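Reproduced below: protein.txt, with compact mmCIF, C-alpha atoms.
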# COMPACT_ATOMS: atom_id res chain seq x y z
CA MET A 1 0.00 0.00 0.00
CA ILE A 2 1.32 3.43 -0.95
CA THR A 3 -0.09 6.53 0.73
CA ARG A 4 0.90 10.16 0.18
CA VAL A 5 1.54 12.03 3.42
CA ALA A 6 2.59 15.57 4.30
CA CYS A 7 4.47 17.29 7.11
CA ILE A 8 3.84 20.99 7.61
CA GLN A 9 6.63 23.16 9.02
CA THR A 10 5.39 26.25 10.87
CA THR A 11 6.70 29.23 12.81
CA ALA A 12 4.11 29.52 15.56
CA THR A 13 3.90 32.84 17.42
CA PRO A 14 1.83 34.25 20.30
CA ASP A 15 -0.88 35.09 17.73
CA MET A 16 -2.91 31.86 17.62
CA ALA A 17 -5.57 33.10 15.21
CA ALA A 18 -3.01 34.13 12.59
CA GLY A 19 -1.15 30.85 13.01
CA LEU A 20 -4.29 28.80 12.49
CA ASP A 21 -5.11 30.76 9.34
CA ARG A 22 -1.67 29.96 7.90
CA ILE A 23 -1.97 26.30 8.85
CA ALA A 24 -5.36 26.04 7.12
CA GLY A 25 -3.74 27.20 3.89
CA PHE A 26 -0.96 24.63 4.18
CA VAL A 27 -3.42 21.81 4.95
CA ALA A 28 -5.43 22.71 1.85
CA ASP A 29 -2.21 22.84 -0.20
CA ALA A 30 -1.13 19.41 1.03
CA ALA A 31 -4.55 17.94 0.27
CA GLY A 32 -4.41 19.48 -3.19
CA GLN A 33 -1.15 17.61 -3.79
CA GLY A 34 -2.75 14.31 -2.90
CA ALA A 35 -1.88 13.90 0.79
CA ARG A 36 -4.30 11.73 2.76
CA LEU A 37 -2.56 12.22 6.10
CA VAL A 38 -1.19 15.62 7.16
CA MET A 39 0.95 16.28 10.25
CA LEU A 40 1.75 19.49 12.13
CA PRO A 41 4.60 20.23 14.59
CA GLU A 42 4.60 20.34 18.38
CA MET A 43 2.73 23.39 19.72
CA SER A 44 1.48 23.98 16.21
CA ALA A 45 -1.14 26.61 17.01
CA MET A 46 0.87 28.90 19.28
CA LEU A 47 4.29 29.41 20.83
CA ALA A 48 4.52 32.15 23.45
CA PRO A 49 6.27 32.97 26.73
CA GLY A 50 5.04 30.91 29.66
CA PRO A 51 2.30 33.17 31.07
CA GLU A 52 0.76 33.76 27.63
CA GLN A 53 0.92 30.08 26.73
CA ARG A 54 -0.83 29.15 29.98
CA ALA A 55 -3.53 31.79 29.55
CA ALA A 56 -4.37 30.41 26.09
CA ALA A 57 -4.40 26.75 27.18
CA LEU A 58 -8.11 26.18 27.58
CA ALA A 59 -9.70 22.82 28.22
CA GLU A 60 -9.86 20.67 25.10
CA ALA A 61 -13.63 21.13 24.63
CA GLU A 62 -13.24 24.93 24.68
CA HIS A 63 -9.90 25.29 22.87
CA PRO A 64 -10.23 27.33 19.66
CA ALA A 65 -7.51 25.31 17.92
CA VAL A 66 -9.46 22.06 18.37
CA ALA A 67 -12.47 23.36 16.47
CA ALA A 68 -10.20 24.88 13.83
CA PHE A 69 -8.31 21.62 13.26
CA ALA A 70 -11.54 19.64 13.01
CA ARG A 71 -12.79 22.08 10.36
CA MET A 72 -9.51 21.89 8.41
CA ALA A 73 -9.62 18.09 8.33
CA ARG A 74 -13.25 18.05 7.26
CA GLU A 75 -12.90 20.72 4.56
CA ALA A 76 -9.70 19.23 3.12
CA GLY A 77 -10.94 15.64 3.44
CA VAL A 78 -7.72 14.48 5.13
CA TRP A 79 -6.61 12.89 8.35
CA LEU A 80 -4.96 15.66 10.39
CA HIS A 81 -2.43 15.03 13.16
CA CYS A 82 -2.28 18.35 15.04
CA GLY A 83 1.30 17.84 16.28
CA SER A 84 0.43 19.03 19.74
CA ILE A 85 -1.24 21.87 21.60
CA ALA A 86 -1.18 23.00 25.23
CA VAL A 87 -4.48 22.23 26.94
CA GLY A 88 -5.80 22.74 30.43
CA ALA A 89 -6.18 19.32 32.01
CA PRO A 90 -6.17 19.76 35.80
CA ALA A 91 -5.89 16.73 38.04
CA ALA A 92 -6.34 16.48 41.78
CA GLY A 93 -3.81 18.81 43.36
CA ASP A 94 -2.06 19.43 40.01
CA ASP A 95 -2.94 22.39 37.78
CA ARG A 96 -0.24 21.79 35.19
CA LEU A 97 -1.14 21.68 31.49
CA ALA A 98 -0.99 18.75 29.09
CA ASN A 99 1.13 18.80 25.92
CA ARG A 100 -1.39 16.88 23.86
CA THR A 101 -1.58 15.34 20.40
CA LEU A 102 -5.01 15.13 18.80
CA VAL A 103 -5.60 13.16 15.60
CA PHE A 104 -8.66 13.95 13.47
CA ASP A 105 -10.15 11.76 10.74
CA GLN A 106 -11.37 13.10 7.40
CA ASN A 107 -14.74 13.94 8.97
CA GLY A 108 -13.14 16.09 11.66
CA ALA A 109 -13.74 13.61 14.48
CA ILE A 110 -11.04 13.11 17.12
CA VAL A 111 -9.82 9.51 16.83
CA ALA A 112 -6.80 9.62 19.17
CA ARG A 113 -5.19 11.56 21.99
CA TYR A 114 -1.65 11.32 23.33
CA ASP A 115 -0.02 13.33 26.14
CA LYS A 116 3.75 13.79 25.92
CA ILE A 117 5.44 11.29 28.24
CA HIS A 118 9.03 12.59 28.47
CA LEU A 119 9.43 16.24 29.49
CA PHE A 120 12.43 18.40 28.59
CA ASP A 121 14.11 19.56 31.82
CA VAL A 122 17.54 20.98 31.06
CA GLY A 123 19.84 23.71 32.34
CA ASP A 124 21.56 26.32 30.21
CA LEU A 125 22.10 25.36 26.57
CA ALA A 126 24.78 26.79 24.30
CA ASP A 127 22.48 29.67 23.31
CA GLY A 128 21.70 30.57 26.93
CA GLN A 129 18.19 29.13 26.96
CA SER A 130 16.99 26.79 29.69
CA TYR A 131 13.84 24.68 29.91
CA ARG A 132 11.93 22.93 32.64
CA GLU A 133 8.80 21.58 31.01
CA SER A 134 7.75 19.66 34.11
CA ASP A 135 7.08 22.97 35.87
CA ARG A 136 4.27 23.68 33.38
CA TYR A 137 3.24 20.31 31.97
CA ARG A 138 2.12 17.05 33.53
CA PRO A 139 3.67 14.01 31.81
CA GLY A 140 1.49 11.44 30.11
CA ASP A 141 1.74 7.79 31.01
CA GLN A 142 0.05 6.00 28.10
CA ALA A 143 1.72 5.03 24.81
CA ARG A 144 -0.61 4.95 21.80
CA VAL A 145 -0.71 3.21 18.42
CA ILE A 146 -3.58 3.98 16.04
CA ASP A 147 -4.74 2.94 12.58
CA THR A 148 -4.43 5.66 9.92
CA PRO A 149 -4.62 5.77 6.10
CA ALA A 150 -0.82 5.39 6.05
CA GLY A 151 -0.78 2.36 8.36
CA ARG A 152 -0.43 1.77 12.10
CA MET A 153 1.05 4.92 13.65
CA GLY A 154 2.87 5.21 16.95
CA LEU A 155 2.41 8.57 18.66
CA SER A 156 5.12 10.59 20.39
CA ILE A 157 6.19 14.22 20.83
CA CYS A 158 9.62 15.87 20.53
CA TYR A 159 11.74 14.95 23.60
CA ASP A 160 10.27 11.44 23.50
CA LEU A 161 12.68 11.02 20.57
CA ARG A 162 15.58 10.44 22.98
CA PHE A 163 14.03 7.36 24.58
CA PRO A 164 14.33 4.45 22.13
CA HIS A 165 12.49 1.97 24.34
CA LEU A 166 9.27 3.89 23.64
CA TYR A 167 9.64 3.39 19.89
CA GLN A 168 10.51 -0.27 20.24
CA ALA A 169 7.32 -0.69 22.27
CA LEU A 170 5.33 1.13 19.57
CA ALA A 171 6.82 -1.11 16.88
CA ASP A 172 6.06 -4.17 19.00
CA ALA A 173 2.45 -2.95 19.11
CA GLY A 174 2.30 -2.94 15.31
CA ALA A 175 3.44 0.56 14.37
CA SER A 176 4.83 0.94 10.85
CA VAL A 177 4.90 4.76 11.04
CA LEU A 178 6.28 6.86 13.90
CA ALA A 179 4.90 10.36 14.48
CA ILE A 180 7.48 12.67 16.07
CA PRO A 181 6.24 16.31 15.89
CA ALA A 182 8.78 18.65 17.44
CA ALA A 183 9.95 22.11 18.40
CA PHE A 184 13.67 21.36 18.74
CA THR A 185 16.08 23.98 20.01
CA VAL A 186 18.73 25.14 17.57
CA PRO A 187 21.78 23.80 19.50
CA THR A 188 20.30 20.35 20.08
CA GLY A 189 18.89 20.26 16.56
CA ARG A 190 22.25 20.93 14.98
CA ALA A 191 23.87 18.25 17.09
CA HIS A 192 21.31 15.46 17.14
CA TRP A 193 18.13 15.96 15.06
CA HIS A 194 19.03 14.04 11.92
CA ALA A 195 20.98 11.33 13.73
CA LEU A 196 18.18 10.57 16.20
CA MET A 197 15.41 10.58 13.60
CA ARG A 198 17.34 8.22 11.34
CA ALA A 199 18.21 6.01 14.30
CA ARG A 200 14.57 5.65 15.37
CA ALA A 201 13.64 4.66 11.80
CA ILE A 202 16.51 2.16 11.49
CA GLU A 203 16.00 0.57 14.93
CA THR A 204 12.32 -0.11 14.34
CA GLY A 205 12.11 -0.47 10.55
CA CYS A 206 9.42 2.22 10.57
CA TRP A 207 8.68 5.29 8.53
CA VAL A 208 9.29 8.46 10.57
CA MET A 209 7.24 11.63 10.08
CA ALA A 210 8.78 14.57 11.95
CA PRO A 211 7.20 17.98 11.28
CA ALA A 212 9.03 20.73 13.14
CA GLN A 213 8.79 24.32 14.26
CA ALA A 214 11.31 26.64 12.58
CA GLY A 215 12.72 30.14 12.91
CA GLU A 216 12.03 32.91 15.43
CA HIS A 217 8.75 32.68 17.33
CA TYR A 218 9.21 35.66 19.66
CA PRO A 219 12.32 37.44 20.96
CA GLY A 220 14.65 34.89 22.52
CA ARG A 221 12.94 31.77 21.15
CA ARG A 222 14.14 30.05 17.99
CA THR A 223 13.70 26.49 16.77
CA TYR A 224 15.71 24.32 14.41
CA GLY A 225 13.26 23.37 11.66
CA HIS A 226 14.40 20.74 9.14
CA SER A 227 11.13 18.79 9.15
CA LEU A 228 11.88 15.26 7.97
CA ILE A 229 10.28 12.19 6.49
CA VAL A 230 12.60 9.19 6.88
CA SER A 231 12.27 5.74 5.30
CA PRO A 232 12.47 2.48 7.30
CA TRP A 233 15.99 2.03 5.91
CA GLY A 234 17.04 5.37 7.43
CA GLU A 235 17.02 7.41 4.23
CA VAL A 236 15.81 11.03 4.38
CA VAL A 237 13.20 11.17 1.62
CA ALA A 238 11.92 14.71 2.30
CA GLU A 239 13.35 17.62 4.28
CA ALA A 240 12.44 21.27 4.87
CA ASP A 241 14.93 24.07 5.53
CA GLY A 242 15.76 25.65 8.87
CA GLU A 243 13.70 28.83 8.61
CA SER A 244 10.66 28.68 6.31
CA GLU A 245 7.09 27.57 6.77
CA GLY A 246 5.88 25.09 4.18
CA VAL A 247 4.90 21.57 3.18
CA ILE A 248 6.99 18.48 2.48
CA LEU A 249 5.46 15.32 1.00
CA ALA A 250 6.35 11.67 0.52
CA ASP A 251 4.71 8.46 -0.64
CA LEU A 252 4.84 5.93 2.21
CA ASP A 253 5.03 2.32 1.03
CA THR A 254 4.22 -0.33 3.63
CA GLU A 255 6.33 -2.81 1.66
CA ALA A 256 9.39 -0.75 2.60
CA VAL A 257 8.73 -1.64 6.24
CA THR A 258 8.65 -5.36 5.44
CA ALA A 259 11.80 -5.08 3.34
CA ALA A 260 13.79 -3.18 5.98
CA ARG A 261 12.79 -5.56 8.77
CA SER A 262 13.68 -8.61 6.70
CA LYS A 263 17.17 -7.25 5.94
CA VAL A 264 17.92 -6.33 9.57
CA PRO A 265 15.48 -8.18 11.87
CA SER A 266 16.66 -6.43 15.05
CA LEU A 267 13.18 -6.36 16.60
CA ALA A 268 12.88 -10.12 16.23
CA ASN A 269 16.45 -10.77 17.36
CA ARG A 270 16.21 -8.93 20.71
CA ARG A 271 16.97 -10.97 23.80
CA SER A 272 16.29 -10.39 27.46
CA PHE A 273 19.24 -10.40 29.85
CA THR A 274 20.18 -9.87 33.46
CA GLY A 275 22.67 -7.45 35.01
CA PRO A 276 24.97 -5.76 34.93

What does the file become when written as structure tokens?
Amino acid sequence: MITRVACIQTTATPDMAAGLDRIAGFVADAAGQGARLVMLPEMSAMLAPGPEQRAAALAEAEHPAVAAFARMAREAGVWLHCGSIAVGAPAAGDDRLANRTLVFDQNGAIVARYDKIHLFDVGDLADGQSYRESDRYRPGDQARVIDTPAGRMGLSICYDLRFPHLYQALADAGASVLAIPAAFTVPTGRAHWHALMRARAIETGCWVMAPAQAGEHYPGRRTYGHSLIVSPWGEVVAEADGESEGVILADLDTEAVTAARSKVPSLANRRSFTGP
């Protein structure tokens, strides 16, 4: 089975309404080029300093981006993976937000949710930025694999990329496509983005779809860009630049998954062990 897919690279800003308008145009463009599944980056609707991001993070049922994404999927007639958005999801004694993926079918119905499991807590980077996502976001605890027009898709978000056991579990659960929407920092992107994305594809024999944020979002916040689609053999088949918004496309062939796994059957050859 061959399915055309698209990753949309965006430069989200504190202006959510303007960002959603731009995304709608890109979704329509991708659909016009034959894509049946379209993916957005992490925090696709809005990137803003902490207080602004929190103020805009309404509950899912009230969030303006949710209604907008449902409409885009329905009007374009595509499955739409929103990347992620910040939503209010209070729990007992915990008012932190959720960094949440929503996947919409071609009728605009939500068919899957995933909350980011691994949170990016790091001190000063080379560019002087520091992050402590766990101060603002509550980690998820449920891995998800869903059926899509492009095959079984394992869901993840950005920093999850650094934890290969998650992707092996997704592949074990039948995933042939890995969704890794991101908003990578520039220093870590330059050092690790391509290597990690190719490694996750090679280790699992899966297609990787990695739409990314790019460019300057507000003063002091830049992201790496370079949205990627990677084959199960680890080949980069589509890539965006480091600054521009836009669409990249690829034709995903499920036979490529079978071929890669037959050449290097690392999933089947794994063994349990004790120690050290």

Select from stretch 69-170 of chain A every residue with an atom at most 6 Å from any atom of stretch 181-205 of chain A, then for each give the shortest pair of atoms and their distance in Å to one decimal, using only C-alpha atoms, rows by chain and rising number, as a Markdown table.
| residue | atom | partner | partner_atom | distance |
| --- | --- | --- | --- | --- |
| A:Gly83 | CA | A:Pro181 | CA | 5.2 |
| A:Ile157 | CA | A:Pro181 | CA | 5.4 |
| A:Cys158 | CA | A:Ala182 | CA | 4.2 |

Report as a tab-separated table the residues of stretch 226-252 of chain A within 12 Å of stretch 129-150 of chain A, each with its shortest atom pair and distance in Å (one decimal), using all atoms listed in the file, ordered by chain and increasing residue number.
residue	atom	partner	partner_atom	distance
A:Ala250	CA	A:Ala150	CA	11.0
A:Asp251	CA	A:Ala150	CA	9.2
A:Leu252	CA	A:Ala150	CA	6.9

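Residue nearest A:Pro51, chosen from A:Arg100, A:Ile2, A:Pro14, A:Gly246 and counting only C-alpha atoms: A:Pro14.
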
Could you jot down the atom CA of A:Glu216 to atom CA of A:Thr11 separation for me, Å, one decimal place?
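Separation of atom CA of A:Glu216 and atom CA of A:Thr11: 7.0 Å.
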
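The shortest atom-to-atom distance to A:Ala12, with only C-alpha atoms taken into account, belongs to A:Ile85 out of A:Leu267, A:Ala59, A:Ala91, A:Ile85.
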
Among the residues A:Glu75, A:Asp115, A:Asp105, A:Glu239, the one that comes closest to A:Glu42 [using only C-alpha atoms]:
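Of all the options, A:Asp115 lies closest to A:Glu42.
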
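Nearest residue to A:Asn99, choosing from A:Tyr218, A:Phe163, A:Phe120, A:Trp79 and counting only C-alpha atoms: A:Phe120.
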
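Nearest to A:Val78 of all the residues A:Met46, A:Leu170, A:Ala57, A:Met39 is A:Met39, based on all atoms listed in the file.
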
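Interatomic distance, atom CA of A:Thr274 to atom CA of A:Asp172: 21.0 Å.
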
From A:Ala92, A:Leu37, A:Ile8, A:Leu80, residue lying nearest A:Ser227 [only C-alpha atoms]:
A:Ile8

Could you pull the residues within 12 Å of A:Arg261, counting only C-alpha atoms, minus those fewer than 4 positions along the same chain, as a list of chain:residue names?
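The residues satisfying every condition are A:Ala171, A:Ser176, A:Ala201, A:Ile202, A:Glu203, A:Thr204, A:Gly205, A:Cys206, A:Trp207, A:Ser231, A:Pro232, A:Trp233, A:Gly234, A:Thr254, A:Glu255, A:Ala256, A:Val257, A:Pro265, A:Ser266, A:Leu267, A:Ala268, A:Asn269.
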
Store the residues picked out above, limited to C-alpha atoms, as a tab-separated table (two decimals), in the frame of the given file.
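Written output follows (again-v3.tsv):
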chain	number	residue	atom	x	y	z
A	171	ALA	CA	6.82	-1.11	16.88
A	176	SER	CA	4.83	0.94	10.85
A	201	ALA	CA	13.64	4.66	11.80
A	202	ILE	CA	16.51	2.16	11.49
A	203	GLU	CA	16.00	0.57	14.93
A	204	THR	CA	12.32	-0.11	14.34
A	205	GLY	CA	12.11	-0.47	10.55
A	206	CYS	CA	9.42	2.22	10.57
A	207	TRP	CA	8.68	5.29	8.53
A	231	SER	CA	12.27	5.74	5.30
A	232	PRO	CA	12.47	2.48	7.30
A	233	TRP	CA	15.99	2.03	5.91
A	234	GLY	CA	17.04	5.37	7.43
A	254	THR	CA	4.22	-0.33	3.63
A	255	GLU	CA	6.33	-2.81	1.66
A	256	ALA	CA	9.39	-0.75	2.60
A	257	VAL	CA	8.73	-1.64	6.24
A	265	PRO	CA	15.48	-8.18	11.87
A	266	SER	CA	16.66	-6.43	15.05
A	267	LEU	CA	13.18	-6.36	16.60
A	268	ALA	CA	12.88	-10.12	16.23
A	269	ASN	CA	16.45	-10.77	17.36

Given the point (13.5, 33.9, 7.3) in the file's coordinates, find the residues that have an atom at most 8 Å from it, counting only C-alpha atoms, and give them as a ChimeraX atom specification.
/A:215,243-244

Report the distance between atom CA of A:Cys7 and atom CA of A:Leu20 in Å, rounded to one decimal place.
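So the answer is 15.4 Å.
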
Fewer than 5 positions away in the same chain doesn't count, so skip those; otherwise give me all residues within 8 Å of stretch 29-32 of chain A, counting all atoms listed in the file, as a list in words.
Ala6, Val38, Ala76, Gly77, Val78, Val247 and Leu249 of chain A
